[in-house]
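Below you'll find the structure, written out as structure tokens, and then a few comments.
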Amino acid sequence: MNRLYLFICICSLFILSCVQQKEELTKQEEIPDASVELSDEFLEFYAKFHADSIFQFSHIQFPLQTKGADPSGNLTIAKEDWIINKPIDLSEGFFEQQFVPIGDNLLIEYINHTSAPLYMERRFAKLKTEWMLIYYTDLRQYN
């Protein structure tokens with residue numbers, strides 16, 4: 001009986017370690033590793049986007065596309081449902097930020113929690129002459 005119990009415990013530990021490795025691989029695959037130098041124009045936009053709520057509202061393409069975290073299954077966020085985004089304090093070490101360029105006029109921003117399987121994604125596009133937020137995924141777990 002003790003051998004059977006020991007065997008079950010060892011098998012359980014093995015299975016759990018495989019699941020954790022798979023989750024880590026999934027996390028690494030979802031967030032590409034890319035370091036990028038951002039333009040001064042984008043950096044000015046980004047700073048103002050977080051400092052000025054009126055500027056923020058006027059630089060979001062509503063209805064804003066999202067991943068559908070809403071229990072109703074909505075895949076957009078209406079202007080009246082938007083919660084102002086404040087800058088994330090990266091100095092504490094709880095979050096890491098990464099920008100991935102897709103061409104000259106599209107940047108994907110990933111903000112990852114350093115000790116939990118959580119991330120946030122925002123996509124900014126330069127439409128005509130101004131940067132706009134065109135996609136937003138609130139803090140959520142990796143799939």
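Every chain in the structure tokens has a letter given in the order shown (A, B, ...), and although residue numbers restart at 1 in each chain, ligands are simply numbered from 1 in the order shown.
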
(message) Which residues are near A:Thr114? Cut-off 8 Å, only C-alpha atoms, ignore same chain within fewer than 6 positions. Put them as an NGL selection string.
(response) :A and (93-96)

Please produce a file of those selected residues containing C-alpha atoms, as a JSON list (two decimals), in the first residue's frame.
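again.json, written as the output of this step:
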[["chain", "number", "residue", "atom", "x", "y", "z"],
["A", 93, "GLY", "CA", 10.01, 45.26, -10.51],
["A", 94, "PHE", "CA", 6.51, 43.75, -10.54],
["A", 95, "PHE", "CA", 6.00, 44.48, -14.23],
["A", 96, "GLU", "CA", 8.13, 44.45, -17.37]]

(request) Within 7 Å of A:His59, counting only C-alpha atoms, which residues show up once you throw out same-chain ones fewer than 5 positions away? Write them as a ChimeraX atom specification, please. (result) /A:131-133

Selected residues written out, N, CA and C atoms, as a PDB file, in the first residue's frame:
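Final file, result10.pdb:
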ATOM      1  N   TRP A 131      -0.792  59.230 -33.413  1.00  0.00           N
ATOM      2  CA  TRP A 131      -0.820  57.915 -32.797  1.00  0.00           C
ATOM      3  C   TRP A 131      -2.154  57.727 -32.096  1.00  0.00           C
ATOM      4  N   MET A 132      -2.696  56.512 -32.200  1.00  0.00           N
ATOM      5  CA  MET A 132      -3.977  56.173 -31.585  1.00  0.00           C
ATOM      6  C   MET A 132      -3.869  54.803 -30.930  1.00  0.00           C
ATOM      7  N   LEU A 133      -4.599  54.618 -29.826  1.00  0.00           N
ATOM      8  CA  LEU A 133      -4.754  53.294 -29.244  1.00  0.00           C
ATOM      9  C   LEU A 133      -5.852  52.599 -30.034  1.00  0.00           C
TER      10      LEU A 133
END

(message) Restricting the calculation to only C-alpha atoms: of A:Leu139, A:Ile111, A:Ile84, A:Met120, which residue gets closest to A:Ser58?
(response) A:Ile84

(message) Need the shell around A:Lys79: protein/DNA/RNA residues with any atom at most 7 Å away, counting only C-alpha atoms. Skip same-chain ones fewer than 3 positions apart. Format as a VMD selection string?
(response) chain A and resid 62 to 63 82

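Closest approach to A:Ser39 among A:Asp104, A:Thr66, A:Asp52, A:Glu80: A:Asp104, based on only C-alpha atoms.
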
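Proximity ranking of A:Val36, A:Phe45, A:Ile88, A:Ile134 relative to A:Gln61 places A:Ile134 first, based on only C-alpha atoms.
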